[in-house]
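To start, the structure under review is shown below, and the notes come after it.
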Amino acid sequence: MNPVTAIARPERDVMPSALPVERARADFPILKRMIHGSPLVYLDSAATTQKPQIVIDTIAEYYRQTNANVHRGVYALSAQATDLYEKARGKVAAFIGAEKTDQIIFTRNTTEAINLVAYSWGLAHLQTNDEILLTEMEHHSNLVPWYLVAPKTGAVVRHLPIHDDGTLALERWKEFFTPKTRIVAVAHTSNVLGTINPIASIAARAHAAGALVLLDAAQGVPHAPFDVVALDADFVAFSAHKMLGPTGVGVLYGRRELLEGMDPFLGGGDMIRTVTLQGATWNDLPWKFEAGTPNIAGVIGFGAAIDYLSALGMDKVRRHEMELTDYALARMNALDSVDVYGPADATARAGVIAFNHRRIHPHDLATILDRRGIAIRAGHHCAQPLMERLGQSATARASFYVYNTRDEVDALIEGLIAAGKFFERNQ
């Protein structure tokens with residue numbers, strides 16, 4: 001299915017600029033499933049998104065018609081596979097506004113991309129008493145790599161605090177952006193609170209302090225127009241599976257001069273120029289950082305996902321999520337039994353809502369909702385320091401994407417009300 005023709009017809013019931021959600025939903029086979037006898041209501045896209053048919057078909061077509069290793073063969077199949085693989089790299093570069101395709105490095109996920117920077121840049125440049133500035137809202141993937149690197153280099157990890165409303169305490173920036181700050185590693189968007197951070201402002205302050213900026217953009221790139229040049233980030237990490245692509249594919253964008261000066265993170269085939277019994281020299285960017293056989297089918301499938309999102313229009317994706325989040329916040333805040341975390345304004349957050357029912361543990365709540373076909377997340381969301389800051393051991397979380405509707409929000413609210421009544425009857 002061509003993703004452009006799949007969404008190009010005029011919509012009757014919404015404004016012409018709105019996302020054609022009902023028509024797009026037909027492109028996602030899994031949404032036709034019944035769970036425990038009820039239609040699937042999938043509200044866990046912050047963990048992983050569902051895949052449109054075009055992505056599934058593209059991956060299958062690669063294995064049916066083009067399966068071969070990339071970069072190393074002179075025969076037709078290898079050349080075709082390489083062409084598809086490198087075209088996907090070009091699509092990624094264009095999608096985030098990168099100036100050169102060789103600034104796009106494929107990894108397994110956001111986590112590996114952040115580890116690449118922590119080890120390849122961090123071990124070479126961090127010294128005793130240098131400061132690594134993180135925040136209280138970071139995912140473990142943007143905490144643990146720095147906790148591993150800091151003791152190896154003598155660097156110190158610091159954390160910019162957050163306000164009670166889930167926004168960063170940037171008014172305290174002079175305390176935290178110091179001459180010792182070497183890198184600021186920050187989430188573009190919180191995977192728990194939905195907070196969208198003012199990255200361009202943070203980058204300006206970091207660069208004024210002589211520090212680099214790494215963005216964990218796993219929850220940013222998939223949800224709105226994204227421009228790495230405008231944000232002035234030095235490194236940006238994100239994942240395919242959170243933007244309609246397959247699992248097992250991540251991306252690291254980096255400033256070319258920084259990537260050129262970094263040693264490889266992994267060693268093996270394809271990342272070398274020469275190998276002798278005495279040593280080795282490294283390949284050009286981006287292949288210097290892509291050791292071994294990559295996830296070829298996944299990268300090609302990712303290219304199809306980017307085509308699909310581009311056809312939808314990322315400005316429309318953002319508008320749809322804001323409208324849906326605004327509606328969900330209004331309905332949740334009307335429930336006396338539910339506490340919602342994060343910014344109150346839907347324009348200041350992504351389509352992620354962390355909440356708790358005052359009488360039901362998040363895990364129990366997720367189990368009850370699952371019996372109604374509603375899939376939400378429950379737990380610490382790989383953000384245990386943030387949970388401690390919120391005074392919670394866990395929260396429930398609903399997250400939205402291009403295929404979610406107001407009817408599904410209503411189903412969630414009805415489920416929360418029913419769960420509360422069930423617990424009242426059985427106490």
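Chain labels follow the order of the structure tokens: the first chain is A, the next B, and so on; residue numbering restarts at 1 in every chain, and ligands are counted from 1 in their shown order.
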Next on the checklist: Residues within 9 Å of Val21 of chain A, please, as a ChimeraX atom specification. Count only C-alpha atoms; anything in the same chain fewer than 5 positions from it doesn't count.
Outcome noted: /A:26,320,402-405
12 Å contact set for segment 360-364 of chain A, only C-alpha atoms, chain neighbours under 6 positions out, as an MDAnalysis selection string = chainID A and resid 337:339 354 370:371 375:381 392:398 416:424 426:427
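Considering only C-alpha atoms, the residue among A:Asn191, A:Thr48, A:Thr276, A:Thr281 positioned nearest to His241 of chain A is A:Thr48.
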Taken to one decimal, the atom CA of Glu171 of chain A-atom CA of Trp146 of chain A distance is 24.3 Å
Spatial neighbours of Gly194 of chain A, max dist 12 Å, only C-alpha atoms, sep filter under 3 positions, as a PyMOL selection string: chain A and resi 46+137-138+165-167+187-191+197+218-220+223+321-322+325+329+340-355+397-400
What lies within 9 Å of Asn142 of chain A using only C-alpha atoms, ignoring chain neighbours under 4 positions off, as an mmCIF file with N, CA and C atoms, in the first residue's frame?
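The resulting result-v8.cif:
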data_model
loop_
_atom_site.group_PDB
_atom_site.id
_atom_site.type_symbol
_atom_site.label_atom_id
_atom_site.label_comp_id
_atom_site.auth_asym_id
_atom_site.auth_seq_id
_atom_site.Cartn_x
_atom_site.Cartn_y
_atom_site.Cartn_z
ATOM 1 N N THR A 111 19.137 3.457 23.559
ATOM 2 C CA THR A 111 20.069 3.109 24.634
ATOM 3 C C THR A 111 21.475 2.916 24.105
ATOM 4 N N ILE A 114 23.089 6.262 23.087
ATOM 5 C CA ILE A 114 23.598 7.041 24.215
ATOM 6 C C ILE A 114 24.872 6.414 24.764
ATOM 7 N N ASN A 115 24.905 5.085 24.863
ATOM 8 C CA ASN A 115 26.121 4.403 25.309
ATOM 9 C C ASN A 115 27.285 4.686 24.380
ATOM 10 N N LEU A 134 22.757 15.905 34.147
ATOM 11 C CA LEU A 134 21.550 15.194 33.752
ATOM 12 C C LEU A 134 20.368 15.909 34.405
ATOM 13 N N GLU A 138 15.137 11.952 33.790
ATOM 14 C CA GLU A 138 15.719 11.107 32.748
ATOM 15 C C GLU A 138 15.308 9.638 32.851
ATOM 16 N N TRP A 146 26.065 7.059 31.991
ATOM 17 C CA TRP A 146 26.916 8.074 32.606
ATOM 18 C C TRP A 146 27.385 7.633 33.987
ATOM 19 N N ALA A 185 23.204 16.011 29.207
ATOM 20 C CA ALA A 185 22.439 14.920 28.587
ATOM 21 C C ALA A 185 21.015 14.994 29.109
ATOM 22 N N VAL A 186 20.075 15.308 28.231
ATOM 23 C CA VAL A 186 18.731 15.639 28.682
ATOM 24 C C VAL A 186 17.689 15.044 27.741
ATOM 25 N N ALA A 187 16.554 14.672 28.312
ATOM 26 C CA ALA A 187 15.438 14.185 27.503
ATOM 27 C C ALA A 187 14.803 15.350 26.763
ATOM 28 N N ASP A 216 18.222 12.821 24.478
ATOM 29 C CA ASP A 216 17.457 11.580 24.392
ATOM 30 C C ASP A 216 16.127 11.973 23.756
#
Could you give me, as an MDAnalysis selection string, the residues within 10 Å of Asn129 of chain A, counting only C-alpha atoms and dropping anything in the same chain fewer than 5 positions from it?
chainID A and resid 150 153:157 180:181
key: All residues 9 Å or closer to Ala88 of chain A, only C-alpha atoms, same chain fewer than 2 positions away omitted, as a PyMOL selection string   = chain A and resi 83-86+90-93+299-304+306
Q: Could you give me the residues within segment 68-314 of chain A that DSSP places in strand (DSSP E or B), as an MDAnalysis selection string?
A: chainID A and resid 104:107 131:135 156:160 162 168 181:187 189 195:196 212:216 235:239 250:254 272:275 280:282
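Atom pair atom CA of Trp287 of chain A / atom CA of Ala60 of chain A has a distance of 25.2 Å (rounded to one decimal).
Going from atom CA of Ala311 of chain A over to atom CA of Ile54 of chain A, you cover 12.3 Å.
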| request: Could you give me the residues within segment 90-168 of chain A that DSSP places in helix (DSSP H, G or I), as an MDAnalysis selection string? | output: chainID A and resid 90:96 101:103 110:125 140:142 144:153
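Minimum distance to Arg64 of chain A across A:Ala206, A:Leu369, A:Ala297, A:Ala240 (counting only C-alpha atoms) occurs at A:Ala297.
Of the residues listed (A:Ala169, A:Leu148, A:Ala94, A:Leu133), A:Leu133 shows the shortest atom-to-atom separation from Arg182 of chain A; distances use only C-alpha atoms.
Nearest to Phe265 of chain A of all the residues A:Val184, A:Leu126, A:Ala291, A:Cys382 is A:Ala291, counting only C-alpha atoms.
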Judged by only C-alpha atoms, the minimum distance to Gly415 of chain A among A:Leu214, A:Ile368, A:Ile183, A:Glu388 is found for A:Ile368
